[in-house]
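Undergrad: Below you will find the structure I want to go over with you.
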Amino acid sequence: MTDASVFDQYPLDQWKDPSHNIMDRFSLAGKKGFVTGGAGGLGRNVAAAWAEAGADVAIVDLPRTKETLEPLAQELSERYGVKVVPLYCDVSDKAQVDALKTSLVDALGTVDVAFINAGVNVPGDDADEPYEIWQKTIDINLTGAYLTAQIAQHIMREHNHGGSLVFTSSLSAHNANFIAGGPSPVAAYGASKAGIYEYARYLAAALAPYGIRSNAISPGYVWSGIFEGRIVPEAHDMMTAPVPMRRFGTNEEIASAVLFLASDASSYVTGTNLQVDGGYSVY
Ligand code: NAD
């Protein structure tokens with residue numbers, strides 16, 4: 001029979017402690033994290049949020065982003081007084097991701113939080129897409145997520161502490177993204193993002209004994225790298241017509257959701273998918 005002390009883990013009114021502050025649960029002070037796709041809209045804003053919340057952060061992206069990543073790391077480090085380092089890696093390349101694991105430990109010591117976010121949506125991703133587009137999308141979005149999550153959870157387990165994995169899935173994992181009378185070109189993209197979501201759920205079950213949580217976010221349309229400056233006002237109105245809130249989301253609105261999932265504010269949340277989509281998915 002279970003000892004009655006098992007109930008000691010359920011404090012009832014923690015707010016009564018004079019030193020208690022609910023906002024502390026959103027802090028990442030002393031934590032170490034990395035963000036893939038860190039030069040992009042969502043990635044750099046999550047890196048900024050995590051740095052502001054007190055974490056040392058590695059911003060990971062392709063070598064071609066060096067001119068963006070170097071000054072970004074310096075700016076975040078100076079602004080928030082934490083260590084922010086740029087690291088370069090193609091997440092679809094196993095050898096490069098294995099090398100990233102060593103670089104992360106060298107640069108940060110360990111990893112407590114990881115934002116598994118690098119992704120592409122390749123033009124021509126429709127019902128008759130060529131094999132090359134399918135393969136590239138799956139390689140970067142799904143296999144890349146697998147590879148980078150593997151190094152994150154292995155670092156956490158080797159260092160005997162828990163952690164939080166947050167994956168970027170998508171609205172397109174759940175529907176065909178209806179625009180102007182038909183589906184968006186998200187055939188392989190949606191499949192890759194649905195795979196990410198299910199992989200995140202599997203890891204939630206498998207890694208809970210190690211104190212590691214695993215969750216996904218599914219952004220709807222975010223005014224970010226893919227769209228910013230690339231669409232006309234008419235397209236904006238057409239795309240937001242099926243969104244109950246009638247607008248795009250912002251990078252900041254994604255960053256705050258990811259901060260919640262990374263931090264202890266979500267300490268009893270694992271295996272979930274958080275829709276951040278202005279209500280699009282309710283239809
Ligand atoms: P973005 O294009 O600004 O950022 C994506 C980043 O990923 C880029 O910096 C790019 O260099 C990097 N990247 C691409 N291939 C890579 C690879 N092989 N290895 C390492 N890095 C690589 O796009 P974003 O809007 O910031 O999107 C970030 C994530 O959010 C993506 O996974 C995207 O699919 C997803 N998403 C975006 C939206 C949206 O509306 N913006 C909606 C749903 C999901």
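Every chain in the structure tokens has a letter given in the order shown (A, B, ...), and although residue numbers restart at 1 in each chain, ligands are simply numbered from 1 in the order shown.
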Within 9 Å of ligand 1 (counting only C-alpha atoms and all ligand atoms), which residues show up? I'd like them as a ChimeraX atom specification.

TA: /A:36-45,60-65,88-93,116-121,136,139-141,144,167-172,189,193,217-228,248-251,276-277

Undergrad: Please, which residues of stretch 45-280 of chain A, numbered as in this document, come out strand (DSSP E or B) from DSSP, as a ChimeraX atom specification?

TA: /A:56-61,84-88,113-116,163-168,178-179,182-183,212-219,222,249,273-276

Undergrad: Go ahead and write the selection's residues with N, CA and C atoms as a tab-separated table (two decimals), in the first residue's frame.

TA:
```
chain	number	residue	atom	x	y	z
A	56	ASP	N	20.40	31.42	-20.91
A	56	ASP	CA	21.45	31.48	-21.93
A	56	ASP	C	20.92	30.72	-23.15
A	57	VAL	N	21.14	31.26	-24.34
A	57	VAL	CA	20.49	30.69	-25.52
A	57	VAL	C	21.48	30.51	-26.68
A	58	ALA	N	21.40	29.36	-27.33
A	58	ALA	CA	22.11	29.16	-28.60
A	58	ALA	C	21.09	29.32	-29.73
A	59	ILE	N	21.40	30.22	-30.66
A	59	ILE	CA	20.51	30.43	-31.81
A	59	ILE	C	21.11	29.64	-32.97
A	60	VAL	N	20.35	28.67	-33.45
A	60	VAL	CA	20.87	27.72	-34.44
A	60	VAL	C	20.19	27.96	-35.79
A	61	ASP	N	21.00	28.06	-36.84
A	61	ASP	CA	20.41	28.20	-38.18
A	61	ASP	C	21.46	27.80	-39.21
A	84	VAL	N	24.34	34.61	-25.31
A	84	VAL	CA	23.60	34.20	-26.51
A	84	VAL	C	24.64	33.94	-27.60
A	85	VAL	N	24.62	32.71	-28.12
A	85	VAL	CA	25.64	32.33	-29.11
A	85	VAL	C	24.98	31.85	-30.40
A	86	PRO	N	25.58	32.21	-31.54
A	86	PRO	CA	25.09	31.66	-32.80
A	86	PRO	C	25.78	30.32	-33.09
A	87	LEU	N	25.01	29.33	-33.53
A	87	LEU	CA	25.61	28.06	-33.94
A	87	LEU	C	25.00	27.68	-35.30
A	88	TYR	N	25.81	27.04	-36.13
A	88	TYR	CA	25.37	26.79	-37.51
A	88	TYR	C	25.20	25.30	-37.76
A	113	VAL	N	15.99	23.61	-22.18
A	113	VAL	CA	14.81	23.90	-23.02
A	113	VAL	C	15.24	23.95	-24.48
A	114	ALA	N	14.42	23.40	-25.35
A	114	ALA	CA	14.75	23.39	-26.78
A	114	ALA	C	13.50	23.74	-27.58
A	115	PHE	N	13.68	24.67	-28.52
A	115	PHE	CA	12.59	25.03	-29.42
A	115	PHE	C	12.94	24.44	-30.79
A	116	ILE	N	12.24	23.37	-31.15
A	116	ILE	CA	12.51	22.59	-32.36
A	116	ILE	C	11.63	23.19	-33.46
A	163	GLY	N	13.64	18.69	-18.44
A	163	GLY	CA	13.67	19.75	-19.44
A	163	GLY	C	12.35	19.86	-20.16
A	164	SER	N	12.34	20.74	-21.15
A	164	SER	CA	11.12	20.94	-21.92
A	164	SER	C	11.46	21.06	-23.40
A	165	LEU	N	10.81	20.25	-24.21
A	165	LEU	CA	10.93	20.32	-25.66
A	165	LEU	C	9.66	20.99	-26.20
A	166	VAL	N	9.84	21.98	-27.05
A	166	VAL	CA	8.68	22.60	-27.70
A	166	VAL	C	8.89	22.52	-29.21
A	167	PHE	N	7.95	21.90	-29.89
A	167	PHE	CA	8.05	21.70	-31.34
A	167	PHE	C	7.13	22.68	-32.07
A	168	THR	N	7.56	23.15	-33.24
A	168	THR	CA	6.65	23.95	-34.07
A	168	THR	C	5.96	23.03	-35.06
A	178	PHE	N	-7.53	26.20	-45.96
A	178	PHE	CA	-8.42	26.66	-47.02
A	178	PHE	C	-8.23	28.16	-47.32
A	179	ILE	N	-7.87	28.45	-48.55
A	179	ILE	CA	-7.79	29.86	-48.97
A	179	ILE	C	-8.46	30.00	-50.32
A	182	GLY	N	-9.99	26.84	-52.11
A	182	GLY	CA	-9.28	25.57	-52.22
A	182	GLY	C	-8.20	25.43	-51.18
A	183	PRO	N	-7.51	24.29	-51.18
A	183	PRO	CA	-6.46	24.08	-50.19
A	183	PRO	C	-5.19	24.85	-50.55
A	212	ILE	N	11.21	15.10	-18.43
A	212	ILE	CA	11.26	15.89	-19.66
A	212	ILE	C	9.84	15.99	-20.23
A	213	ARG	N	9.39	17.24	-20.46
A	213	ARG	CA	8.08	17.45	-21.07
A	213	ARG	C	8.24	17.70	-22.56
A	214	SER	N	7.22	17.41	-23.32
A	214	SER	CA	7.29	17.56	-24.77
A	214	SER	C	5.93	18.03	-25.28
A	215	ASN	N	5.92	19.19	-25.91
A	215	ASN	CA	4.68	19.78	-26.40
A	215	ASN	C	4.90	20.40	-27.77
A	216	ALA	N	3.80	20.68	-28.46
A	216	ALA	CA	3.88	21.35	-29.75
A	216	ALA	C	3.00	22.59	-29.74
A	217	ILE	N	3.38	23.55	-30.58
A	217	ILE	CA	2.47	24.65	-30.88
A	217	ILE	C	2.05	24.50	-32.34
A	218	SER	N	0.84	24.91	-32.64
A	218	SER	CA	0.40	24.94	-34.03
A	218	SER	C	-0.02	26.36	-34.38
A	219	PRO	N	0.94	27.13	-34.93
A	219	PRO	CA	0.58	28.49	-35.32
A	219	PRO	C	-0.34	28.48	-36.54
A	222	VAL	N	1.09	33.59	-39.23
A	222	VAL	CA	1.85	34.52	-38.41
A	222	VAL	C	2.56	35.50	-39.34
A	249	GLY	N	-1.36	36.35	-36.69
A	249	GLY	CA	-0.73	36.44	-35.38
A	249	GLY	C	0.61	37.15	-35.52
A	273	ASN	N	-0.92	19.92	-27.82
A	273	ASN	CA	-0.70	20.79	-28.97
A	273	ASN	C	-1.44	22.08	-28.68
A	274	LEU	N	-0.71	23.18	-28.64
A	274	LEU	CA	-1.34	24.47	-28.36
A	274	LEU	C	-1.58	25.21	-29.67
A	275	GLN	N	-2.85	25.35	-30.03
A	275	GLN	CA	-3.20	26.09	-31.25
A	275	GLN	C	-3.02	27.58	-30.97
A	276	VAL	N	-2.20	28.24	-31.77
A	276	VAL	CA	-2.03	29.69	-31.64
A	276	VAL	C	-2.41	30.27	-33.00
```

Undergrad: Write out as a PyMOL selection string the residues lying within 12 Å of A:Gln74, counting only C-alpha atoms and excluding same-chain residues fewer than 2 positions away.

TA: chain A and resi 48+51+57-59+67-72+76-86

Undergrad: For stretch 98-106 of chain A, find every residue with an atom within 9 Å (counting only C-alpha atoms), except residues of its own chain fewer than 2 positions away, and show them as a ChimeraX atom specification.

TA: /A:33-34,58,60,87-89,93-96,108-111,147-148,151-152,155

Undergrad: Please provide the set of residues having any atom within 10 Å of A:Gly195, restricted to only C-alpha atoms, with same-chain residues fewer than 2 positions apart removed, written as a ChimeraX atom specification.

TA: /A:138,141-143,145-146,169,173,189-193,197-201

Undergrad: Under the rule that only C-alpha atoms are counted, which of A:Val269, A:Ala241, A:Ala204, A:Ala49 is the nearest residue to A:Tyr283?

TA: A:Ala241

Undergrad: Looking at A:Ser19, A:Ser281, A:Gln9, A:Ser27, which one is nearest to A:Asn175, with distances taken over only C-alpha atoms?

TA: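 The closest residue to A:Asn175 is A:Ser281.
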
Undergrad: Hey, which of A:Ile133, A:His161, A:His236, A:Thr272 ends up closest to A:Ala205? Count only C-alpha atoms.

TA: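 Going through A:Ile133, A:His161, A:His236, A:Thr272 one by one, the smallest distance to A:Ala205 is for A:Thr272.
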
Undergrad: With only C-alpha atoms as the atoms that count, which of A:Ala188, A:His159, A:Ala176, A:Gln150 lies nearest to A:Thr137?

TA: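 Ranked by minimum distance to A:Thr137, first place goes to A:Ala188.
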
Undergrad: Have a look at A:Ile254, A:Ala53, A:Val46, A:Met156 and name the one nearest to A:Gly211; count only C-alpha atoms.

TA: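 When distances to A:Gly211 are compared using only C-alpha atoms, the smallest one comes from A:Met156.
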
Undergrad: For atom CA of A:Thr240 and atom CA of A:His174, quote the distance in Å rounded to one decimal.

TA: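 Spanning atom CA of A:Thr240 to atom CA of A:His174 is a straight-line distance of 17.1 Å.
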
Undergrad: Output as a PyMOL selection string all residues of stretch 66-199 of chain A that backbone DSSP marks as helix (DSSP H, G or I).

TA: chain A and resi 66-80+94-108+131-158+171-173+187-199
